[in-house]
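> My structure is in input-v8.tsv, and what it holds is TSV, N, CA and C atoms:
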```tsv
chain	number	residue	atom	x	y	z
A	23	MET	N	2.97	-5.29	12.57
A	23	MET	CA	2.21	-5.86	11.47
A	23	MET	C	2.69	-7.28	11.22
A	24	SER	N	1.78	-8.11	10.86
A	24	SER	CA	2.14	-9.50	10.65
A	24	SER	C	2.81	-9.70	9.30
A	25	LYS	N	3.40	-10.86	9.15
A	25	LYS	CA	4.09	-11.20	7.91
A	25	LYS	C	3.13	-11.36	6.75
A	26	SER	N	1.85	-11.55	7.03
A	26	SER	CA	0.87	-11.74	5.97
A	26	SER	C	0.42	-10.42	5.36
A	27	SER	N	1.01	-9.34	5.79
A	27	SER	CA	0.61	-8.02	5.33
A	27	SER	C	1.60	-7.48	4.29
A	28	PHE	N	1.06	-6.84	3.25
A	28	PHE	CA	1.89	-6.10	2.31
A	28	PHE	C	1.66	-4.63	2.66
A	29	SER	N	2.70	-3.91	2.96
A	29	SER	CA	2.57	-2.53	3.42
A	29	SER	C	3.27	-1.53	2.51
A	30	VAL	N	2.67	-0.37	2.44
A	30	VAL	CA	3.25	0.77	1.74
A	30	VAL	C	3.36	1.88	2.78
A	31	MET	N	4.57	2.24	3.14
A	31	MET	CA	4.79	3.32	4.11
A	31	MET	C	4.71	4.67	3.39
A	32	TYR	N	4.22	5.68	4.11
A	32	TYR	CA	4.16	7.03	3.55
A	32	TYR	C	4.17	8.06	4.67
A	33	LYS	N	4.40	9.29	4.30
A	33	LYS	CA	4.42	10.38	5.27
A	33	LYS	C	3.11	11.16	5.16
A	34	ASP	N	2.55	11.49	6.32
A	34	ASP	CA	1.35	12.31	6.38
A	34	ASP	C	1.72	13.61	7.09
A	35	PRO	N	1.78	14.73	6.35
A	35	PRO	CA	2.21	16.00	6.94
A	35	PRO	C	1.35	16.44	8.13
A	36	GLU	N	0.09	16.00	8.17
A	36	GLU	CA	-0.79	16.37	9.28
A	36	GLU	C	-0.48	15.57	10.54
A	37	HIS	N	0.25	14.46	10.38
A	37	HIS	CA	0.60	13.61	11.51
A	37	HIS	C	2.08	13.26	11.44
A	38	ALA	N	2.91	14.28	11.47
A	38	ALA	CA	4.35	14.11	11.28
A	38	ALA	C	5.01	13.26	12.37
A	39	ASP	N	4.38	13.13	13.53
A	39	ASP	CA	4.96	12.35	14.63
A	39	ASP	C	4.58	10.87	14.56
A	40	ASN	N	3.92	10.46	13.49
A	40	ASN	CA	3.50	9.06	13.34
A	40	ASN	C	4.13	8.43	12.11
A	41	TYR	N	4.27	7.12	12.16
A	41	TYR	CA	4.57	6.34	10.96
A	41	TYR	C	3.21	5.98	10.37
A	42	CYS	N	3.07	6.13	9.07
A	42	CYS	CA	1.81	5.82	8.41
A	42	CYS	C	2.04	4.76	7.35
A	43	ALA	N	1.04	3.91	7.16
A	43	ALA	CA	1.14	2.84	6.16
A	43	ALA	C	-0.24	2.55	5.59
A	44	VAL	N	-0.23	1.89	4.45
A	44	VAL	CA	-1.44	1.33	3.87
A	44	VAL	C	-1.14	-0.16	3.77
A	45	ASP	N	-2.03	-0.97	4.32
A	45	ASP	CA	-1.78	-2.41	4.42
A	45	ASP	C	-2.80	-3.22	3.63
A	46	TRP	N	-2.30	-4.24	2.95
A	46	TRP	CA	-3.15	-5.20	2.26
A	46	TRP	C	-3.17	-6.49	3.07
A	47	SER	N	-4.35	-6.97	3.42
A	47	SER	CA	-4.56	-8.27	4.08
A	47	SER	C	-4.18	-8.32	5.55
A	48	HIS	N	-3.89	-7.22	6.18
A	48	HIS	CA	-3.59	-7.29	7.61
A	48	HIS	C	-4.85	-7.04	8.44
A	49	TRP	N	-5.53	-5.97	8.17
A	49	TRP	CA	-6.68	-5.58	8.96
A	49	TRP	C	-7.98	-6.17	8.42
A	50	GLU	N	-8.09	-6.20	7.10
A	50	GLU	CA	-9.33	-6.63	6.47
A	50	GLU	C	-8.99	-7.24	5.12
A	51	LYS	N	-9.48	-8.43	4.86
A	51	LYS	CA	-9.16	-9.12	3.61
A	51	LYS	C	-9.79	-8.42	2.42
A	52	GLY	N	-9.03	-8.35	1.32
A	52	GLY	CA	-9.57	-7.85	0.06
A	52	GLY	C	-9.64	-6.35	-0.09
A	53	ARG	N	-8.94	-5.62	0.76
A	53	ARG	CA	-8.93	-4.15	0.62
A	53	ARG	C	-7.74	-3.55	1.35
A	54	TRP	N	-7.35	-2.38	0.89
A	54	TRP	CA	-6.28	-1.62	1.55
A	54	TRP	C	-6.89	-0.88	2.74
A	55	ILE	N	-6.16	-0.87	3.85
A	55	ILE	CA	-6.58	-0.16	5.05
A	55	ILE	C	-5.39	0.68	5.54
A	56	LYS	N	-5.68	1.93	5.91
A	56	LYS	CA	-4.63	2.79	6.47
A	56	LYS	C	-4.32	2.34	7.90
A	57	SER	N	-3.08	2.52	8.30
A	57	SER	CA	-2.69	2.26	9.68
A	57	SER	C	-1.62	3.28	10.10
A	58	TRP	N	-1.40	3.37	11.38
A	58	TRP	CA	-0.41	4.30	11.89
A	58	TRP	C	0.11	3.82	13.24
A	59	LYS	N	1.26	4.34	13.60
A	59	LYS	CA	1.80	4.13	14.95
A	59	LYS	C	2.64	5.34	15.31
A	60	SER	N	2.68	5.62	16.58
A	60	SER	CA	3.49	6.71	17.10
A	60	SER	C	4.97	6.32	16.97
A	61	ILE	N	5.82	7.29	16.77
A	61	ILE	CA	7.25	6.99	16.67
A	61	ILE	C	7.79	6.42	17.98
A	62	ASN	N	7.06	6.63	19.08
A	62	ASN	CA	7.50	6.13	20.39
A	62	ASN	C	6.80	4.84	20.80
A	63	SER	N	6.07	4.21	19.89
A	63	SER	CA	5.29	3.02	20.22
A	63	SER	C	5.60	1.88	19.26
A	64	SER	N	5.26	0.67	19.67
A	64	SER	CA	5.44	-0.47	18.77
A	64	SER	C	4.09	-0.95	18.23
A	65	ALA	N	2.99	-0.44	18.77
A	65	ALA	CA	1.65	-0.88	18.35
A	65	ALA	C	1.15	-0.08	17.15
A	66	TRP	N	0.61	-0.82	16.17
A	66	TRP	CA	-0.02	-0.21	14.99
A	66	TRP	C	-1.52	-0.17	15.20
A	67	TYR	N	-2.17	0.87	14.64
A	67	TYR	CA	-3.61	1.05	14.77
A	67	TYR	C	-4.25	1.21	13.40
A	68	GLN	N	-5.38	0.57	13.22
A	68	GLN	CA	-6.14	0.70	11.98
A	68	GLN	C	-6.71	2.11	11.90
A	69	ASP	N	-6.74	2.65	10.68
A	69	ASP	CA	-7.21	4.02	10.51
A	69	ASP	C	-8.21	4.14	9.36
A	70	GLY	N	-8.87	3.05	9.00
A	70	GLY	CA	-9.95	3.11	8.02
A	70	GLY	C	-9.52	3.01	6.56
A	71	LYS	N	-10.50	3.26	5.71
A	71	LYS	CA	-10.31	3.17	4.26
A	71	LYS	C	-9.29	4.19	3.78
A	72	ILE	N	-8.73	3.92	2.60
A	72	ILE	CA	-7.71	4.82	2.07
A	72	ILE	C	-8.33	6.18	1.69
A	73	ASN	N	-7.49	7.20	1.79
A	73	ASN	CA	-7.84	8.53	1.34
A	73	ASN	C	-6.93	8.87	0.16
A	74	GLU	N	-6.99	10.09	-0.32
A	74	GLU	CA	-6.20	10.48	-1.49
A	74	GLU	C	-4.70	10.36	-1.23
A	75	LEU	N	-4.25	10.73	-0.06
A	75	LEU	CA	-2.83	10.64	0.28
A	75	LEU	C	-2.36	9.18	0.25
A	76	ALA	N	-3.15	8.28	0.81
A	76	ALA	CA	-2.81	6.86	0.81
A	76	ALA	C	-2.87	6.28	-0.61
A	77	ARG	N	-3.87	6.68	-1.39
A	77	ARG	CA	-3.98	6.22	-2.78
A	77	ARG	C	-2.73	6.59	-3.56
A	78	MET	N	-2.28	7.82	-3.40
A	78	MET	CA	-1.08	8.27	-4.12
A	78	MET	C	0.16	7.53	-3.64
A	79	ALA	N	0.22	7.20	-2.36
A	79	ALA	CA	1.36	6.41	-1.85
A	79	ALA	C	1.40	5.05	-2.53
A	80	ILE	N	0.23	4.43	-2.70
A	80	ILE	CA	0.16	3.13	-3.38
A	80	ILE	C	0.59	3.29	-4.84
A	81	LEU	N	0.05	4.30	-5.52
A	81	LEU	CA	0.40	4.50	-6.93
A	81	LEU	C	1.89	4.80	-7.10
A	82	GLU	N	2.48	5.56	-6.19
A	82	GLU	CA	3.91	5.84	-6.26
A	82	GLU	C	4.72	4.56	-6.05
A	83	LYS	N	4.32	3.75	-5.09
A	83	LYS	CA	5.03	2.49	-4.79
A	83	LYS	C	5.06	1.57	-6.01
A	84	PHE	N	3.96	1.56	-6.77
A	84	PHE	CA	3.83	0.68	-7.93
A	84	PHE	C	4.14	1.41	-9.25
A	85	TYR	N	4.68	2.61	-9.17
A	85	TYR	CA	5.03	3.42	-10.34
A	85	TYR	C	3.85	3.52	-11.31
A	86	LEU	N	2.69	3.90	-10.75
A	86	LEU	CA	1.47	4.03	-11.54
A	86	LEU	C	0.89	5.44	-11.52
A	87	VAL	N	1.66	6.42	-11.08
A	87	VAL	CA	1.17	7.79	-10.97
A	87	VAL	C	0.70	8.32	-12.33
A	88	LYS	N	1.38	7.95	-13.41
A	88	LYS	CA	0.99	8.42	-14.75
A	88	LYS	C	-0.40	7.92	-15.14
A	89	LEU	N	-0.85	6.85	-14.52
A	89	LEU	CA	-2.16	6.27	-14.83
A	89	LEU	C	-3.19	6.55	-13.73
A	90	ALA	N	-2.94	7.56	-12.92
A	90	ALA	CA	-3.79	7.87	-11.77
A	90	ALA	C	-5.25	8.10	-12.16
A	91	LYS	N	-5.49	8.71	-13.32
A	91	LYS	CA	-6.88	8.97	-13.74
A	91	LYS	C	-7.66	7.68	-13.95
A	92	GLU	N	-6.97	6.60	-14.28
A	92	GLU	CA	-7.62	5.31	-14.49
A	92	GLU	C	-7.76	4.51	-13.19
A	93	LEU	N	-7.20	5.07	-12.11
A	93	LEU	CA	-7.17	4.34	-10.84
A	93	LEU	C	-7.72	5.21	-9.70
A	94	PRO	N	-9.03	5.46	-9.71
A	94	PRO	CA	-9.63	6.24	-8.62
A	94	PRO	C	-9.58	5.46	-7.30
A	95	ILE	N	-9.81	6.15	-6.20
A	95	ILE	CA	-9.76	5.52	-4.88
A	95	ILE	C	-10.62	4.26	-4.83
A	96	GLU	N	-11.84	4.33	-5.36
A	96	GLU	CA	-12.76	3.20	-5.29
A	96	GLU	C	-12.19	1.95	-5.96
A	97	LYS	N	-11.42	2.14	-7.02
A	97	LYS	CA	-10.81	1.02	-7.73
A	97	LYS	C	-9.58	0.52	-6.99
A	98	VAL	N	-8.70	1.43	-6.61
A	98	VAL	CA	-7.45	1.06	-5.93
A	98	VAL	C	-7.75	0.36	-4.60
A	99	GLN	N	-8.79	0.81	-3.91
A	99	GLN	CA	-9.16	0.27	-2.59
A	99	GLN	C	-9.19	-1.26	-2.58
A	100	THR	N	-9.64	-1.88	-3.67
A	100	THR	CA	-9.79	-3.34	-3.69
A	100	THR	C	-8.83	-4.03	-4.66
A	101	MET	N	-7.83	-3.32	-5.16
A	101	MET	CA	-6.83	-3.93	-6.04
A	101	MET	C	-5.66	-4.45	-5.20
A	102	SER	N	-5.46	-5.74	-5.22
A	102	SER	CA	-4.36	-6.34	-4.46
A	102	SER	C	-3.02	-5.90	-5.05
A	103	PRO	N	-1.94	-6.08	-4.31
A	103	PRO	CA	-0.62	-5.81	-4.88
A	103	PRO	C	-0.40	-6.58	-6.19
A	104	ALA	N	-0.84	-7.84	-6.24
A	104	ALA	CA	-0.70	-8.64	-7.47
A	104	ALA	C	-1.52	-8.03	-8.61
A	105	ALA	N	-2.73	-7.54	-8.31
A	105	ALA	CA	-3.58	-6.91	-9.33
A	105	ALA	C	-2.96	-5.62	-9.84
A	106	LEU	N	-2.31	-4.87	-8.96
A	106	LEU	CA	-1.63	-3.64	-9.39
A	106	LEU	C	-0.47	-3.97	-10.32
A	107	MET	N	0.24	-5.04	-10.03
A	107	MET	CA	1.34	-5.47	-10.92
A	107	MET	C	0.78	-5.91	-12.27
A	108	LYS	N	-0.33	-6.62	-12.25
A	108	LYS	CA	-0.97	-7.06	-13.50
A	108	LYS	C	-1.44	-5.85	-14.31
A	109	PHE	N	-1.98	-4.84	-13.61
A	109	PHE	CA	-2.41	-3.60	-14.27
A	109	PHE	C	-1.24	-2.94	-14.98
A	110	ARG	N	-0.07	-2.91	-14.32
A	110	ARG	CA	1.14	-2.37	-14.95
A	110	ARG	C	1.43	-3.11	-16.24
A	111	ASP	N	1.41	-4.43	-16.15
A	111	ASP	CA	1.73	-5.28	-17.30
A	111	ASP	C	0.72	-5.06	-18.44
A	112	MET	N	-0.56	-5.00	-18.11
A	112	MET	CA	-1.61	-4.81	-19.11
A	112	MET	C	-1.51	-3.45	-19.81
A	113	ASN	N	-0.87	-2.50	-19.15
A	113	ASN	CA	-0.71	-1.16	-19.72
A	113	ASN	C	0.67	-0.97	-20.35
A	114	GLY	N	1.39	-2.07	-20.53
A	114	GLY	CA	2.66	-2.02	-21.24
A	114	GLY	C	3.79	-1.33	-20.51
A	115	LEU	N	3.70	-1.23	-19.19
A	115	LEU	CA	4.78	-0.61	-18.42
A	115	LEU	C	5.91	-1.61	-18.21
A	116	TYR	N	7.11	-1.10	-18.07
A	116	TYR	CA	8.29	-1.96	-17.93
A	116	TYR	C	8.19	-2.78	-16.64
A	117	ALA	N	8.82	-3.93	-16.66
A	117	ALA	CA	8.79	-4.85	-15.51
A	117	ALA	C	9.61	-4.28	-14.36
A	118	ILE	N	9.06	-4.38	-13.17
A	118	ILE	CA	9.76	-3.94	-11.96
A	118	ILE	C	9.51	-4.96	-10.86
A	119	ASN	N	10.30	-4.91	-9.82
A	119	ASN	CA	10.06	-5.67	-8.60
A	119	ASN	C	9.57	-4.70	-7.56
A	120	VAL	N	8.46	-5.03	-6.92
A	120	VAL	CA	7.92	-4.20	-5.84
A	120	VAL	C	7.87	-5.06	-4.59
A	121	PHE	N	8.49	-4.57	-3.53
A	121	PHE	CA	8.57	-5.30	-2.27
A	121	PHE	C	7.82	-4.54	-1.18
A	122	SER	N	7.29	-5.29	-0.23
A	122	SER	CA	6.55	-4.71	0.89
A	122	SER	C	7.47	-3.87	1.77
A	123	ASP	N	6.88	-2.84	2.36
A	123	ASP	CA	7.58	-2.01	3.36
A	123	ASP	C	7.35	-2.55	4.77
A	124	THR	N	6.66	-3.68	4.91
A	124	THR	CA	6.39	-4.25	6.22
A	124	THR	C	7.72	-4.47	6.95
A	125	PRO	N	7.90	-3.87	8.12
A	125	PRO	CA	9.15	-4.05	8.85
A	125	PRO	C	9.47	-5.53	9.07
A	126	GLY	N	10.68	-5.92	8.75
A	126	GLY	CA	11.12	-7.29	8.94
A	126	GLY	C	10.69	-8.25	7.84
A	127	ASP	N	10.00	-7.75	6.82
A	127	ASP	CA	9.52	-8.62	5.75
A	127	ASP	C	9.77	-7.99	4.39
A	128	THR	N	10.97	-7.46	4.19
A	128	THR	CA	11.29	-6.72	2.98
A	128	THR	C	11.47	-7.61	1.75
A	129	GLU	N	11.41	-8.92	1.92
A	129	GLU	CA	11.53	-9.83	0.78
A	129	GLU	C	10.18	-10.16	0.15
A	130	ALA	N	9.08	-9.69	0.76
A	130	ALA	CA	7.75	-10.00	0.27
A	130	ALA	C	7.47	-9.25	-1.03
A	131	ARG	N	7.27	-10.03	-2.11
A	131	ARG	CA	7.03	-9.45	-3.44
A	131	ARG	C	5.54	-9.23	-3.67
A	132	ALA	N	5.20	-8.16	-4.37
A	132	ALA	CA	3.82	-7.79	-4.63
A	132	ALA	C	3.02	-8.92	-5.27
A	133	GLU	N	3.63	-9.67	-6.18
A	133	GLU	CA	2.93	-10.73	-6.89
A	133	GLU	C	2.40	-11.82	-5.97
A	134	GLU	N	2.95	-11.91	-4.76
A	134	GLU	CA	2.55	-12.94	-3.81
A	134	GLU	C	1.25	-12.61	-3.07
A	135	TYR	N	0.76	-11.38	-3.22
A	135	TYR	CA	-0.41	-10.91	-2.47
A	135	TYR	C	-1.58	-10.70	-3.42
A	136	LYS	N	-2.47	-11.68	-3.47
A	136	LYS	CA	-3.60	-11.63	-4.41
A	136	LYS	C	-4.87	-11.17	-3.74
```
Take the structure in the file and write it out as structure tokens.

Amino acid sequence: MSKSSFSVMYKDPEHADNYCAVDWSHWEKGRWIKSWKSINSSAWYQDGKINELARMAILEKFYLVKLAKELPIEKVQTMSPAALMKFRDMNGLYAINVFSDTPGDTEARAEEYK
């Protein structure tokens, strides 16, 4: 994955032999896209729009699980990492730092991805 991507890694029990991620701005601008790679490979593959498992991975990463009812898949799909941080702030949640799971780019802060 490129440095321009903000990634959220997660486990998919149906594909335990793969690394799974949801990426912002890597595959398609303005939306989260699922991706995966085999544990024995270095290549990542696009896997389409987010599903419920990916949505929950995003909400967990941003500590927004308590507000899940306000964040359906259709809404989360197009909320940038910066927008998710703003949503936290607008809902009076405590300030946190959220960093990308993109390998080799762990200093990338959510606020930088609009």
> Report as a VMD selection string all protein, DNA and RNA residues lying within 12 Å of A:Glu82, evaluated on only C-alpha atoms, omitting residues in the same chain fewer than 5 positions from it.
chain A and resid 30 to 32 75 to 77 87 to 90 106 120
> Would you write out, as CSV, a table of all residues in stretch 29-84 of chain A that have an atom no more than 6.5 Å from an atom of stretch 96-102 of chain A, listing for each the closest atom pair and the distance in Å to one decimal, considering only N, CA and C atoms and ordering rows by chain and rising residue number?

```
residue,atom,partner,partner_atom,distance
A:Gly52,C,A:Thr100,CA,4.7
A:Arg53,CA,A:Gln99,C,4.3
A:Trp54,N,A:Gln99,C,4.1
A:Ile72,N,A:Gln99,CA,6.4
```
> I'd like the interatomic distance between atom N of A:Ser57 and atom N of A:Phe84, to a tenth of an Å.
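Separation of atom N of A:Ser57 and atom N of A:Phe84: 16.7 Å.
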> Find, counting only C-alpha atoms, the residue in A:Leu93, A:Ala104, A:Ala65, A:Cys42 that gets nearest to A:Phe121.
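Of A:Leu93, A:Ala104, A:Ala65, A:Cys42, the one nearest A:Phe121 is A:Ala104, counting only C-alpha atoms.
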> Take atom CA of A:Met112 and atom CA of A:Tyr85 and report the distance between them in Å, one decimal.
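If I compute the distance from atom CA of A:Met112 to atom CA of A:Tyr85, I get 13.7 Å.
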> DSSP on the backbone: which residues in chain A end up as strand (DSSP E)? Give the answer as a compact mmCIF listing (two decimals) with N, CA and C atoms, keeping the file's coordinate frame.

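Output below, filename selection-v5.txt:
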```txt
# COMPACT_ATOMS: atom_id res chain seq x y z
N PHE A 28 1.06 -6.84 3.25
CA PHE A 28 1.89 -6.10 2.31
C PHE A 28 1.66 -4.63 2.66
N SER A 29 2.70 -3.91 2.96
CA SER A 29 2.57 -2.53 3.42
C SER A 29 3.27 -1.53 2.51
N VAL A 30 2.67 -0.37 2.44
CA VAL A 30 3.25 0.77 1.74
C VAL A 30 3.36 1.88 2.78
N MET A 31 4.57 2.24 3.14
CA MET A 31 4.79 3.32 4.11
C MET A 31 4.71 4.67 3.39
N TYR A 32 4.22 5.68 4.11
CA TYR A 32 4.16 7.03 3.55
C TYR A 32 4.17 8.06 4.67
N ASN A 40 3.92 10.46 13.49
CA ASN A 40 3.50 9.06 13.34
C ASN A 40 4.13 8.43 12.11
N TYR A 41 4.27 7.12 12.16
CA TYR A 41 4.57 6.34 10.96
C TYR A 41 3.21 5.98 10.37
N CYS A 42 3.07 6.13 9.07
CA CYS A 42 1.81 5.82 8.41
C CYS A 42 2.04 4.76 7.35
N ALA A 43 1.04 3.91 7.16
CA ALA A 43 1.14 2.84 6.16
C ALA A 43 -0.24 2.55 5.59
N VAL A 44 -0.23 1.89 4.45
CA VAL A 44 -1.44 1.33 3.87
C VAL A 44 -1.14 -0.16 3.77
N ASP A 45 -2.03 -0.97 4.32
CA ASP A 45 -1.78 -2.41 4.42
C ASP A 45 -2.80 -3.22 3.63
N TRP A 46 -2.30 -4.24 2.95
CA TRP A 46 -3.15 -5.20 2.26
C TRP A 46 -3.17 -6.49 3.07
N TRP A 54 -7.35 -2.38 0.89
CA TRP A 54 -6.28 -1.62 1.55
C TRP A 54 -6.89 -0.88 2.74
N ILE A 55 -6.16 -0.87 3.85
CA ILE A 55 -6.58 -0.16 5.05
C ILE A 55 -5.39 0.68 5.54
N LYS A 56 -5.68 1.93 5.91
CA LYS A 56 -4.63 2.79 6.47
C LYS A 56 -4.32 2.34 7.90
N SER A 57 -3.08 2.52 8.30
CA SER A 57 -2.69 2.26 9.68
C SER A 57 -1.62 3.28 10.10
N TRP A 58 -1.40 3.37 11.38
CA TRP A 58 -0.41 4.30 11.89
C TRP A 58 0.11 3.82 13.24
N LYS A 59 1.26 4.34 13.60
CA LYS A 59 1.80 4.13 14.95
C LYS A 59 2.64 5.34 15.31
N SER A 60 2.68 5.62 16.58
CA SER A 60 3.49 6.71 17.10
C SER A 60 4.97 6.32 16.97
N TYR A 67 -2.17 0.87 14.64
CA TYR A 67 -3.61 1.05 14.77
C TYR A 67 -4.25 1.21 13.40
N GLN A 68 -5.38 0.57 13.22
CA GLN A 68 -6.14 0.70 11.98
C GLN A 68 -6.71 2.11 11.90
N ASP A 69 -6.74 2.65 10.68
CA ASP A 69 -7.21 4.02 10.51
C ASP A 69 -8.21 4.14 9.36
N GLY A 70 -8.87 3.05 9.00
CA GLY A 70 -9.95 3.11 8.02
C GLY A 70 -9.52 3.01 6.56
N LYS A 71 -10.50 3.26 5.71
CA LYS A 71 -10.31 3.17 4.26
C LYS A 71 -9.29 4.19 3.78
```
> Find the residues around A:Trp49 up to 8 Å (only N, CA and C atoms counted), leave out those fewer than 5 positions away in its own chain, and share them as a list of chain:residue names.
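The residues satisfying every condition are A:Ser26, A:Ser27, A:Trp54, A:Ile55, A:Gln68.
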> Check the smallest atom-to-atom distance from each of A:Lys108, A:Thr124, A:Leu86, A:Ala132 to A:Trp66 using only C-alpha atoms, then report the winner.
A:Thr124
> Atom CA of A:Tyr41 to atom N of A:Trp58: how many Å, to one decimal?
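Distance between the two atoms: 6.7 Å.
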> With only C-alpha atoms as the atoms that count, which of A:Ile95, A:Ala43, A:Ala130, A:Leu81 lies nearest to A:Arg110?
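Ranking A:Ile95, A:Ala43, A:Ala130, A:Leu81 by distance to A:Arg110, first place goes to A:Leu81.
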